[in-house]
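Have a look at the structure below, then the notes.
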Protein chains: 6
Amino acid sequence: MSSFQYLKPTGSPFVDRHVTRFSDIVKPWNEQEIVGVGIVGAPLSKSSISHSGAHLAPSTIRKAFSAFTTYSIEDDCELSSFEIQDLGDIVMHVTDIVHSQDRIYKTLSEIYATNRKFLPIILGGDNSITYPSIKAFSKAKGRVGVIQFDAHHDVRNLEDGGTTNGTPFRSLLESNTILGENLVQIGIRDFSNSKFYRKYVDSHGVTVFTMKNVRERRITEMIDEALQMMKGQVDVIYVSLDMDVVDQAEAPGCPAIGPGGMSAATLIEAITYLGEQPKVQGLEIVEIDPTVDFRDMTSRLAAHVILHFLKGKARIK
Amino acid sequence: MSSFQYLKPTGSPFVDRHVTRFSDIVKPWNEQEIVGVGIVGAPLSKSSISHSGAHLAPSTIRKAFSAFTTYSIEDDCELSSFEIQDLGDIVMHVTDIVHSQDRIYKTLSEIYATNRKFLPIILGGDNSITYPSIKAFSKAKGRVGVIQFDAHHDVRNLEDGGTTNGTPFRSLLESNTILGENLVQIGIRDFSNSKFYRKYVDSHGVTVFTMKNVRERRITEMIDEALQMMKGQVDVIYVSLDMDVVDQAEAPGCPAIGPGGMSAATLIEAITYLGEQPKVQGLEIVEIDPTVDFRDMTSRLAAHVILHFLKGKARIK
Amino acid sequence: MSSFQYLKPTGSPFVDRHVTRFSDIVKPWNEQEIVGVGIVGAPLSKSSISHSGAHLAPSTIRKAFSAFTTYSIEDDCELSSFEIQDLGDIVMHVTDIVHSQDRIYKTLSEIYATNRKFLPIILGGDNSITYPSIKAFSKAKGRVGVIQFDAHHDVRNLEDGGTTNGTPFRSLLESNTILGENLVQIGIRDFSNSKFYRKYVDSHGVTVFTMKNVRERRITEMIDEALQMMKGQVDVIYVSLDMDVVDQAEAPGCPAIGPGGMSAATLIEAITYLGEQPKVQGLEIVEIDPTVDFRDMTSRLAAHVILHFLKGKARIK
Amino acid sequence: MSSFQYLKPTGSPFVDRHVTRFSDIVKPWNEQEIVGVGIVGAPLSKSSISHSGAHLAPSTIRKAFSAFTTYSIEDDCELSSFEIQDLGDIVMHVTDIVHSQDRIYKTLSEIYATNRKFLPIILGGDNSITYPSIKAFSKAKGRVGVIQFDAHHDVRNLEDGGTTNGTPFRSLLESNTILGENLVQIGIRDFSNSKFYRKYVDSHGVTVFTMKNVRERRITEMIDEALQMMKGQVDVIYVSLDMDVVDQAEAPGCPAIGPGGMSAATLIEAITYLGEQPKVQGLEIVEIDPTVDFRDMTSRLAAHVILHFLKGKARIK
Amino acid sequence: MSSFQYLKPTGSPFVDRHVTRFSDIVKPWNEQEIVGVGIVGAPLSKSSISHSGAHLAPSTIRKAFSAFTTYSIEDDCELSSFEIQDLGDIVMHVTDIVHSQDRIYKTLSEIYATNRKFLPIILGGDNSITYPSIKAFSKAKGRVGVIQFDAHHDVRNLEDGGTTNGTPFRSLLESNTILGENLVQIGIRDFSNSKFYRKYVDSHGVTVFTMKNVRERRITEMIDEALQMMKGQVDVIYVSLDMDVVDQAEAPGCPAIGPGGMSAATLIEAITYLGEQPKVQGLEIVEIDPTVDFRDMTSRLAAHVILHFLKGKARIK
Amino acid sequence: MSSFQYLKPTGSPFVDRHVTRFSDIVKPWNEQEIVGVGIVGAPLSKSSISHSGAHLAPSTIRKAFSAFTTYSIEDDCELSSFEIQDLGDIVMHVTDIVHSQDRIYKTLSEIYATNRKFLPIILGGDNSITYPSIKAFSKAKGRVGVIQFDAHHDVRNLEDGGTTNGTPFRSLLESNTILGENLVQIGIRDFSNSKFYRKYVDSHGVTVFTMKNVRERRITEMIDEALQMMKGQVDVIYVSLDMDVVDQAEAPGCPAIGPGGMSAATLIEAITYLGEQPKVQGLEIVEIDPTVDFRDMTSRLAAHVILHFLKGKARIK
């Protein structure tokens, strides 16, 4: 046998013939129509109020894919029958942030238009990508309900800085892209929001579950309540996950870390449950800054979130 | 409008007109009498047995004030009606540690003498500041009860190193500044203390709740027990928080980290409850070393502690 | 008195006459027969699939011994009556990994042969040391049962890289050193193993408790079940602890970190309980890489594990 | 004497009554007309091609002011007679980079218009601030010559990303703000530029001294050559310092570090010499990212640059 | 135009249409015969005496290729006419180090056999790769002379650890792969070698230039002396660069850092000069550990070394 | 042969039978009279004006001893005939800094009294140890001349903080322990001192060589000048090395780093030359803080300084 057998691209991982890594089933997009789950990166973080390297998260999350396998031993569920297309990242403009956000909207719109059965997993970037992402989603899918995991309302005014990572849900509400009654915010945290904006979301009919609710109630029960509420009101549901909903001890790589947050276990339970809901047809993960993380812990958690979302989907296949 | 509008001091944070940050209500002392809460830094850490940068914590905790708002969404409670005076730090001597401790005592004594309705929040520094701080407090306020959150008894002998961060409660007991029966230690941890000192505190009638107690009982129940015990015995209660009571995973920036500690959530619950007690008239936070912390996590937790303490106070206003 | 009283070896710790540190009772081996607990380092990590500095853990764990005392305040239990011999580390060959593993086997075999009442605490190194360690243990002690705490089965095939940190339990099973029915794996984690290897351990009669089991059941109940099962089948029980069984937030220094793991508190509860079992006669701790840890947190946890194991042993003395 | 004497703002430095720190003579702007040197921060780095925290440099450079005194012992020259006004930072827009650049232009223009004898020291920020800064300078001062220290030409095309940190000198040349023959680039480095842009600057008559020139010739000799060339052609000279002109070993905190750069000693010699030239009436320092620096080394070098520039100015007073 | 234009693989760099990066001309091997320069990684570092992550350097050096362009402005020399094939890395065995070294030998032998006009640039890995690399080179090319830049002789005995990163030149000499008189060691450092091994190399007729020589003489003069000596004695010359020849301040990422080393500028001058020699037909760079480097400085220097080597080659094209 | 052959203390280094490490000839003090060189640690840094971990340097410098051998290849000089006694560290008091300084004085005095032919190498600690150290030295040895390498005069007033790391030479001069004319300060740096203190040292007849002198003259020439001056005036010479004399790029681990400093090569040249002077009978190295260093670079440099000092001594043996 040839000695050339040992030549491989630099950084190739160890291969065990009896193990399928998650990265093994994520393939570069073959430019055919996508039926099922696909991944798109939206590496925008210049729109952040504070200094953020969240544009690097699509790379680190993908890198974490190779740290996990496709097999859920807890539920004896094998994901390797999924074929996941990786569409790559939407390239951002260097200096025109508004144009970058528009690129997200236009690219996703066009993808949805040509891939009607595509279920998107969007990797931010900061939370400002949520507005163009859901706008495109909504144009393609009809009435959209949103389950938002977040420490913050993210409905800041637009006068004090434009369309930042603090404003996406305001833009969505003001533009009627989604209705307040179809927005459920989970994990809203003490001393991380203002009374003014609490009143704002209340006035729009948004449902808010604070961290106190999360501590005192079962997470699936609150989600059931949300699903019940949206029943008949929406065509599809989109899950928006700002990773800073999780406590600083378990998601140390978010720009706005703090104590008093959700546990990773609760988040995983919630996401798995949402994955099982047929109406849930989109997932985004934002606000991970790998440059301040510890050993990509937060990106590893993001990969776990995706895997459990897929486990949920696998169960309803 | 003039372009000079854009000139601001370096490092000025982003301003959202509808958000009040906690830092916005903490004002440099106006040298008037203080009625209510004020903040004083006691940046002493040369008194520590191990190498410690705890003298830098008053700066990092204050910096964390700008990461949080004044609004508790969990209890719909707005703190912005508080006005909090920041008296700055007590300057320490470079080489005379005993004199530095004396400066803390004298400065606080004088402040208390001239500000009878001042409720102090003292930012350490290491735990050695506790002795001069409570001595001054006691001189001004009468019989003092102390609720101490700590992994350690801190009653070391004084022969082996003087008045260090391991000795404050011994000094307080030996000087009769406080009585053993008015001292409650919560969170005392396995393999972090000696049998000798356990006996010492027992012999002084100190109440000890170990981490086993903390794991098995409700924190507010133990506090109720403590309050009941002190009822009629003390005029005021002072809360002494050595941040190393919290587990290393949630307070990674303490000099003496280890596993087996209290959760941040339990601490926050305890502090909020104590804040609600009218007799609780002082709070100190010690043993945070920002030079070994991760992203100022432990200082952020300290800021949260202060906010929840104030929330407690707000409820009884 | 001579001024030379102040001369001490560099790095000598502060001494409080009333405190016994754990390091105070761990003595360099006096080359006499050992009756009771002794410590041996097996600093091998070149056998790891991924880059690992786990060979440095014997040093950092020993260093952590001086951060803790011998007194369990939770159970009023003093360990200072133990005398623990530190036999040092087994020196590894620079380039011959298989020979290094053989050195572990031969050295431990000879130790066990000449010290019949020696209870070993083995400090890895990576998980590949488990095979030679248990092989030697089994030769000396008879039928061995193993309680393994691990996120992974560690039964990889041997063709794809030889005897790595992924293969020890395969080697043990295939060589009949232990029987599958006498192996209990606790903490096996989602998306961290393959279906193929799950079937492999099932076919060998191995008992598996996944993290789902750990979340839903009491840990001591599962251990009781395991002990019951092994009753009469084994002469001694060996506890193998791969520290990556613990969640990344609490054991950040393992090579293969991830979310969804066991809490440190659960692990400590399990280890204390196992320490109380007379048949449990060996403990190993592997897979801590101090070069990627945060402030030796994971080595501190390892020291705590050892202390609680000894507390268990102290109770049955 | 009152114990209040010990209360000072948090973080106050140690004071030696016989030492003047540089920070002691830099005063917040009193809003009077400025005669002489003043400092303005331009904290823009969202315009950078690669991820950059250069907007934080105005803070870290100012912080480094307190690490140095006002006394040059090498030349027995005391700077404490200078009074330096610190105008603060120009606040940047969160999402509109072009508008941010315009704020720099407008603010500086207005400052120059109302402070005719003001000698600016501009602290970036990235190199994109150079265009608005020199445009404003030129409007106020007449024909401007520029001595640019830089590893790169910074004349990239504007189509591939807008007005980034790679384009300022193109904008200056294309807009005729400065003439090519009045631009001297020093320190241009091997394998850090393209032949295309080398031709571009040549075609505009720009003078280029590569690092080879710097290694082989005396730096003051090259500067003399540049000054001679500009004599009679310009009214004032502006020094633009991209800190990445310095080698990575001595300026490790620049976004685009690499080997083969200028020594800090050569840079200091050059800057001192330029400070001595009466026509040199402006200085900017850009491209320091404190988030990737080692112990603010590069900001400390920036502070030294400013001090030596002032030493030069002091000599011609 | 389609919005899909914005979709690119994650991590794609900014493109300026007028700039050729070095990475742009390094292409994955097309499996055709290679005429000219090619790159091969030999990611072996388990053979190191101290803990080393040098196996990661092939990745970081390649990543540094995108930080530099193909244009030498110092000599107006454009490298973009080169086409460089990247053959990838030779995959190492997980646990059999000797077999890994054999893979290097066999793979390179086969490459040389089928690509007679291939000029290799080998990226280590640690210095142990030098023996199999030069053995293969010598088999293919005839009598080989070696110019070794190194702080150490690397002729340790083989009994104390096998074929480590301390032994390659002993193996080469003992096996007569190269003759002592055709080996020139440059940069050998004080207090980094033993007298015993100095005598060993002397007895084999090896030429040694210590750092004292390097400080006192011109580097090109010493190289001329070496070339003169080898004239007629060798068919080809191979340059072996252990990056630890460079001082710790400029190559902080080598396992064995220390003061008293060569400057990066001297190394670059030497390498450029060697690149100009037609007989120089191979280059290897070893002993860079990216896990302990600062901002990949040492890998950046390695990339610069390669670029200057190619500049030398370009001049003799 | 017994398998126990492989048991060694944890952390034992690799042994090559033909290499003597410097650490191999440094032996724990045998409590016999010391003839020749011995090492004493003085781990005091609480006396520092800024936060300093310099008390940890005696450990890291000793650790660096094992990174170097005893053979100077540059001068073919083998140090292994030296026997160096390591007396350990002088234990510091936890809270009484003045007493700690007194312990240094008393311990060294007593050592010198009982070991008349002992040549001390003192490892700080901060620069405050210099006063007690030289006071003891002077009591034992007669008239002492001091060659001080330092960026700073270190003659601060004692009112503003007591006997800190900024005051040692003031104390020495005011107490007439040494005469100003027998003190030579080399490497005094721009913008790091005040005019007031420059005048102070001038008025005491101290000789000052600034960094400008160091850049422009040969270091050995200045030392010759110093030696000439002291000839007949002093009985012995003590070399005091504040490592911050070296530039921040080469000694990044000093508390007070900055640009414009001495190169490590110049320092090594100076120290070697001083080692050759029979009258030079003491060396101290202070102001290395390992907690802020990069890879113990500065401690490695300190080890090199000691080795070159001994090389000098070896030449005059």
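Quick note on naming: the chains in the structure tokens go A, B, ... in the order shown, residues restart at 1 in each chain, and ligands are numbered from 1 in order of appearance.
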Any idea which chain B residues end up within 9 Å of chain F if we count only C-alpha atoms, as a PDB file with N, CA, C and O atoms, in the first residue's frame please?
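The result, stored in result.pdb:
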```
ATOM      1  N   LYS B  46      -3.150  43.438  51.682  1.00  0.00           N
ATOM      2  CA  LYS B  46      -1.818  43.012  52.122  1.00  0.00           C
ATOM      3  C   LYS B  46      -1.902  42.188  53.405  1.00  0.00           C
ATOM      4  O   LYS B  46      -0.956  41.511  53.781  1.00  0.00           O
ATOM      5  N   SER B  47      -3.015  42.260  54.077  1.00  0.00           N
ATOM      6  CA  SER B  47      -3.238  41.487  55.293  1.00  0.00           C
ATOM      7  C   SER B  47      -3.606  40.027  55.010  1.00  0.00           C
ATOM      8  O   SER B  47      -3.801  39.256  55.948  1.00  0.00           O
ATOM      9  N   SER B  48      -3.650  39.649  53.743  1.00  0.00           N
ATOM     10  CA  SER B  48      -4.064  38.284  53.415  1.00  0.00           C
ATOM     11  C   SER B  48      -2.926  37.285  53.609  1.00  0.00           C
ATOM     12  O   SER B  48      -1.770  37.580  53.338  1.00  0.00           O
ATOM     13  N   ILE B  49      -3.287  36.094  54.024  1.00  0.00           N
ATOM     14  CA  ILE B  49      -2.314  35.019  54.214  1.00  0.00           C
ATOM     15  C   ILE B  49      -1.739  34.577  52.880  1.00  0.00           C
ATOM     16  O   ILE B  49      -0.547  34.383  52.738  1.00  0.00           O
ATOM     17  N   SER B  50      -2.583  34.438  51.889  1.00  0.00           N
ATOM     18  CA  SER B  50      -2.078  34.115  50.552  1.00  0.00           C
ATOM     19  C   SER B  50      -2.074  35.389  49.712  1.00  0.00           C
ATOM     20  O   SER B  50      -2.693  36.373  50.062  1.00  0.00           O
ATOM     21  N   HIS B  51      -1.355  35.342  48.590  1.00  0.00           N
ATOM     22  CA  HIS B  51      -1.270  36.506  47.693  1.00  0.00           C
ATOM     23  C   HIS B  51      -2.669  36.907  47.224  1.00  0.00           C
ATOM     24  O   HIS B  51      -3.404  36.075  46.704  1.00  0.00           O
ATOM     25  N   SER B  52      -3.022  38.155  47.391  1.00  0.00           N
ATOM     26  CA  SER B  52      -4.376  38.581  47.058  1.00  0.00           C
ATOM     27  C   SER B  52      -4.402  39.975  46.445  1.00  0.00           C
ATOM     28  O   SER B  52      -3.717  40.888  46.904  1.00  0.00           O
ATOM     29  N   GLY B  53      -5.212  40.111  45.407  1.00  0.00           N
ATOM     30  CA  GLY B  53      -5.438  41.417  44.799  1.00  0.00           C
ATOM     31  C   GLY B  53      -6.816  41.943  45.163  1.00  0.00           C
ATOM     32  O   GLY B  53      -7.410  42.695  44.400  1.00  0.00           O
ATOM     33  N   HIS B  55      -7.707  44.148  47.010  1.00  0.00           N
ATOM     34  CA  HIS B  55      -7.827  45.612  47.136  1.00  0.00           C
ATOM     35  C   HIS B  55      -8.344  46.239  45.844  1.00  0.00           C
ATOM     36  O   HIS B  55      -8.701  47.407  45.825  1.00  0.00           O
ATOM     37  N   HIS B  93      -2.308  52.589  53.848  1.00  0.00           N
ATOM     38  CA  HIS B  93      -0.872  52.862  53.961  1.00  0.00           C
ATOM     39  C   HIS B  93      -0.108  51.801  53.175  1.00  0.00           C
ATOM     40  O   HIS B  93      -0.544  50.655  53.109  1.00  0.00           O
ATOM     41  N   VAL B  94       1.041  52.171  52.594  1.00  0.00           N
ATOM     42  CA  VAL B  94       1.751  51.205  51.752  1.00  0.00           C
ATOM     43  C   VAL B  94       2.374  50.081  52.574  1.00  0.00           C
ATOM     44  O   VAL B  94       2.341  48.916  52.177  1.00  0.00           O
ATOM     45  N   THR B  95       2.920  50.421  53.734  1.00  0.00           N
ATOM     46  CA  THR B  95       3.697  49.402  54.451  1.00  0.00           C
ATOM     47  C   THR B  95       3.226  49.108  55.884  1.00  0.00           C
ATOM     48  O   THR B  95       3.732  48.191  56.509  1.00  0.00           O
ATOM     49  N   ASP B  96       2.273  49.894  56.387  1.00  0.00           N
ATOM     50  CA  ASP B  96       1.841  49.679  57.772  1.00  0.00           C
ATOM     51  C   ASP B  96       0.417  49.125  57.779  1.00  0.00           C
ATOM     52  O   ASP B  96      -0.565  49.876  57.780  1.00  0.00           O
ATOM     53  N   ILE B  97       0.317  47.818  57.816  1.00  0.00           N
ATOM     54  CA  ILE B  97      -0.983  47.164  57.671  1.00  0.00           C
ATOM     55  C   ILE B  97      -1.880  47.439  58.881  1.00  0.00           C
ATOM     56  O   ILE B  97      -3.079  47.688  58.729  1.00  0.00           O
ATOM     57  N   VAL B  98      -1.299  47.418  60.060  1.00  0.00           N
ATOM     58  CA  VAL B  98      -2.088  47.680  61.263  1.00  0.00           C
ATOM     59  C   VAL B  98      -2.655  49.099  61.217  1.00  0.00           C
ATOM     60  O   VAL B  98      -3.824  49.338  61.552  1.00  0.00           O
ATOM     61  N   ASP B 160       0.225  33.622  64.961  1.00  0.00           N
ATOM     62  CA  ASP B 160       0.896  33.083  63.771  1.00  0.00           C
ATOM     63  C   ASP B 160       0.878  34.025  62.572  1.00  0.00           C
ATOM     64  O   ASP B 160       1.088  33.571  61.451  1.00  0.00           O
ATOM     65  N   GLY B 161       0.611  35.275  62.765  1.00  0.00           N
ATOM     66  CA  GLY B 161       0.634  36.167  61.596  1.00  0.00           C
ATOM     67  C   GLY B 161      -0.063  37.499  61.803  1.00  0.00           C
ATOM     68  O   GLY B 161      -0.171  38.284  60.871  1.00  0.00           O
ATOM     69  N   GLY B 162      -0.547  37.744  63.029  1.00  0.00           N
ATOM     70  CA  GLY B 162      -1.200  39.027  63.271  1.00  0.00           C
ATOM     71  C   GLY B 162      -2.640  39.044  62.813  1.00  0.00           C
ATOM     72  O   GLY B 162      -3.274  37.991  62.656  1.00  0.00           O
ATOM     73  N   THR B 163      -3.151  40.244  62.589  1.00  0.00           N
ATOM     74  CA  THR B 163      -4.565  40.414  62.229  1.00  0.00           C
ATOM     75  C   THR B 163      -4.747  40.248  60.730  1.00  0.00           C
ATOM     76  O   THR B 163      -4.821  41.223  59.992  1.00  0.00           O
ATOM     77  N   THR B 164      -4.860  39.002  60.308  1.00  0.00           N
ATOM     78  CA  THR B 164      -4.970  38.690  58.889  1.00  0.00           C
ATOM     79  C   THR B 164      -6.419  38.534  58.467  1.00  0.00           C
ATOM     80  O   THR B 164      -7.335  38.723  59.270  1.00  0.00           O
TER      81      THR B 164
END
```
What's around range 15-29 of chain D at 9 Å? Count only C-alpha atoms, leave out sequence neighbours fewer than 4 positions away in its own chain, and write the answer as a ChimeraX atom specification.
/B:9 /D:34,38-39,62-71,79-88,307 /F:156-157,159-161,191-197
Using N, CA and C atoms, can you write the selected residues to a file as an mmCIF file, in the first residue's frame?
```
data_model
loop_
_atom_site.group_PDB
_atom_site.id
_atom_site.type_symbol
_atom_site.label_atom_id
_atom_site.label_comp_id
_atom_site.auth_asym_id
_atom_site.auth_seq_id
_atom_site.Cartn_x
_atom_site.Cartn_y
_atom_site.Cartn_z
ATOM 1 N N PRO B 9 -16.165 62.232 28.177
ATOM 2 C CA PRO B 9 -15.007 61.597 28.824
ATOM 3 C C PRO B 9 -14.757 60.208 28.242
ATOM 4 N N ILE D 34 -7.795 76.666 23.792
ATOM 5 C CA ILE D 34 -6.587 75.882 24.070
ATOM 6 C C ILE D 34 -5.411 76.457 23.309
ATOM 7 N N GLY D 38 -3.287 69.495 23.095
ATOM 8 C CA GLY D 38 -4.501 68.914 23.653
ATOM 9 C C GLY D 38 -4.683 67.517 23.111
ATOM 10 N N ILE D 39 -5.498 66.766 23.809
ATOM 11 C CA ILE D 39 -5.687 65.362 23.444
ATOM 12 C C ILE D 39 -7.139 65.103 23.110
ATOM 13 N N ARG D 62 -4.377 56.677 27.959
ATOM 14 C CA ARG D 62 -4.496 57.647 29.055
ATOM 15 C C ARG D 62 -4.094 57.007 30.387
ATOM 16 N N LYS D 63 -4.491 55.751 30.577
ATOM 17 C CA LYS D 63 -4.133 55.072 31.811
ATOM 18 C C LYS D 63 -2.605 54.965 31.927
ATOM 19 N N ALA D 64 -1.947 54.745 30.800
ATOM 20 C CA ALA D 64 -0.481 54.637 30.814
ATOM 21 C C ALA D 64 0.177 55.973 31.168
ATOM 22 N N PHE D 65 -0.550 57.073 31.015
ATOM 23 C CA PHE D 65 0.014 58.379 31.385
ATOM 24 C C PHE D 65 0.450 58.402 32.851
ATOM 25 N N SER D 66 -0.263 57.642 33.683
ATOM 26 C CA SER D 66 0.069 57.682 35.107
ATOM 27 C C SER D 66 1.241 56.763 35.449
ATOM 28 N N ALA D 67 1.725 56.012 34.449
ATOM 29 C CA ALA D 67 2.884 55.144 34.684
ATOM 30 C C ALA D 67 4.198 55.868 34.423
ATOM 31 N N PHE D 68 4.110 57.092 33.924
ATOM 32 C CA PHE D 68 5.331 57.818 33.567
ATOM 33 C C PHE D 68 5.329 59.209 34.186
ATOM 34 N N THR D 69 6.521 59.720 34.390
ATOM 35 C CA THR D 69 6.662 61.062 34.965
ATOM 36 C C THR D 69 6.880 62.088 33.861
ATOM 37 N N THR D 70 7.012 63.309 34.250
ATOM 38 C CA THR D 70 7.202 64.398 33.278
ATOM 39 C C THR D 70 8.672 64.749 33.064
ATOM 40 N N TYR D 71 9.560 63.968 33.647
ATOM 41 C CA TYR D 71 10.967 64.364 33.625
ATOM 42 C C TYR D 71 11.794 63.442 32.729
ATOM 43 N N LEU D 79 8.843 68.432 31.657
ATOM 44 C CA LEU D 79 7.664 68.797 30.868
ATOM 45 C C LEU D 79 6.548 69.409 31.701
ATOM 46 N N SER D 80 6.783 69.557 33.009
ATOM 47 C CA SER D 80 5.638 69.928 33.832
ATOM 48 C C SER D 80 5.161 71.359 33.585
ATOM 49 N N SER D 81 5.940 72.126 32.810
ATOM 50 C CA SER D 81 5.448 73.470 32.481
ATOM 51 C C SER D 81 4.353 73.410 31.412
ATOM 52 N N PHE D 82 4.320 72.306 30.663
ATOM 53 C CA PHE D 82 3.209 72.141 29.719
ATOM 54 C C PHE D 82 1.904 72.059 30.482
ATOM 55 N N GLU D 83 0.842 72.596 29.903
ATOM 56 C CA GLU D 83 -0.482 72.244 30.394
ATOM 57 C C GLU D 83 -1.259 71.633 29.261
ATOM 58 N N ILE D 84 -1.672 70.443 29.466
ATOM 59 C CA ILE D 84 -2.280 69.688 28.382
ATOM 60 C C ILE D 84 -3.745 69.482 28.697
ATOM 61 N N GLN D 85 -4.568 69.890 27.742
ATOM 62 C CA GLN D 85 -6.002 69.755 27.907
ATOM 63 C C GLN D 85 -6.456 68.425 27.322
ATOM 64 N N ASP D 86 -7.278 67.740 28.042
ATOM 65 C CA ASP D 86 -7.842 66.500 27.530
ATOM 66 C C ASP D 86 -9.304 66.748 27.174
ATOM 67 N N LEU D 87 -9.582 66.751 25.884
ATOM 68 C CA LEU D 87 -10.939 67.072 25.421
ATOM 69 C C LEU D 87 -11.886 65.870 25.491
ATOM 70 N N GLY D 88 -11.352 64.733 25.855
ATOM 71 C CA GLY D 88 -12.198 63.536 25.899
ATOM 72 C C GLY D 88 -12.242 62.836 24.558
ATOM 73 N N LEU D 307 5.274 61.433 25.073
ATOM 74 C CA LEU D 307 6.217 62.125 25.944
ATOM 75 C C LEU D 307 7.447 62.602 25.170
ATOM 76 N N ARG F 156 12.984 57.480 47.014
ATOM 77 C CA ARG F 156 11.787 58.215 47.406
ATOM 78 C C ARG F 156 11.860 58.612 48.876
ATOM 79 N N ASN F 157 11.102 59.618 49.240
ATOM 80 C CA ASN F 157 10.990 60.013 50.640
ATOM 81 C C ASN F 157 10.274 58.918 51.419
ATOM 82 N N GLU F 159 8.242 59.463 54.052
ATOM 83 C CA GLU F 159 7.003 59.920 54.675
ATOM 84 C C GLU F 159 5.776 59.392 53.927
ATOM 85 N N ASP F 160 5.901 59.250 52.621
ATOM 86 C CA ASP F 160 4.705 58.948 51.827
ATOM 87 C C ASP F 160 4.380 57.465 51.726
ATOM 88 N N GLY F 161 4.914 56.658 52.617
ATOM 89 C CA GLY F 161 4.552 55.237 52.533
ATOM 90 C C GLY F 161 5.507 54.306 53.260
ATOM 91 N N PHE F 191 11.547 59.595 31.774
ATOM 92 C CA PHE F 191 10.139 59.679 32.175
ATOM 93 C C PHE F 191 9.752 58.619 33.203
ATOM 94 N N SER F 192 10.745 58.186 33.971
ATOM 95 C CA SER F 192 10.497 57.186 35.003
ATOM 96 C C SER F 192 11.018 57.653 36.346
ATOM 97 N N ASN F 193 11.466 58.893 36.412
ATOM 98 C CA ASN F 193 12.035 59.461 37.621
ATOM 99 C C ASN F 193 11.645 60.935 37.679
ATOM 100 N N SER F 194 11.906 61.559 38.834
ATOM 101 C CA SER F 194 11.591 62.988 38.912
ATOM 102 C C SER F 194 12.879 63.807 39.042
ATOM 103 N N LYS F 195 12.747 65.047 38.635
ATOM 104 C CA LYS F 195 13.896 65.952 38.695
ATOM 105 C C LYS F 195 14.367 66.107 40.145
ATOM 106 N N PHE F 196 13.391 66.138 41.057
ATOM 107 C CA PHE F 196 13.715 66.309 42.470
ATOM 108 C C PHE F 196 14.680 65.221 42.952
ATOM 109 N N TYR F 197 14.381 63.997 42.583
ATOM 110 C CA TYR F 197 15.229 62.895 43.064
ATOM 111 C C TYR F 197 16.540 62.818 42.290
#
```
Every residue of range 101-294 of chain E that DSSP places in strand (DSSP E), as a PyMOL selection string
chain E and resi 118-124+144-149+183-188+207-210+236-242+280-286
Within 8 Å of range 135-152 of chain F using only C-alpha atoms, minus same-chain residues under 4 positions, as a ChimeraX atom specification
/F:105-106,108-109,112-113,131,172,177-179,182-189,192-193,230,233-246,261
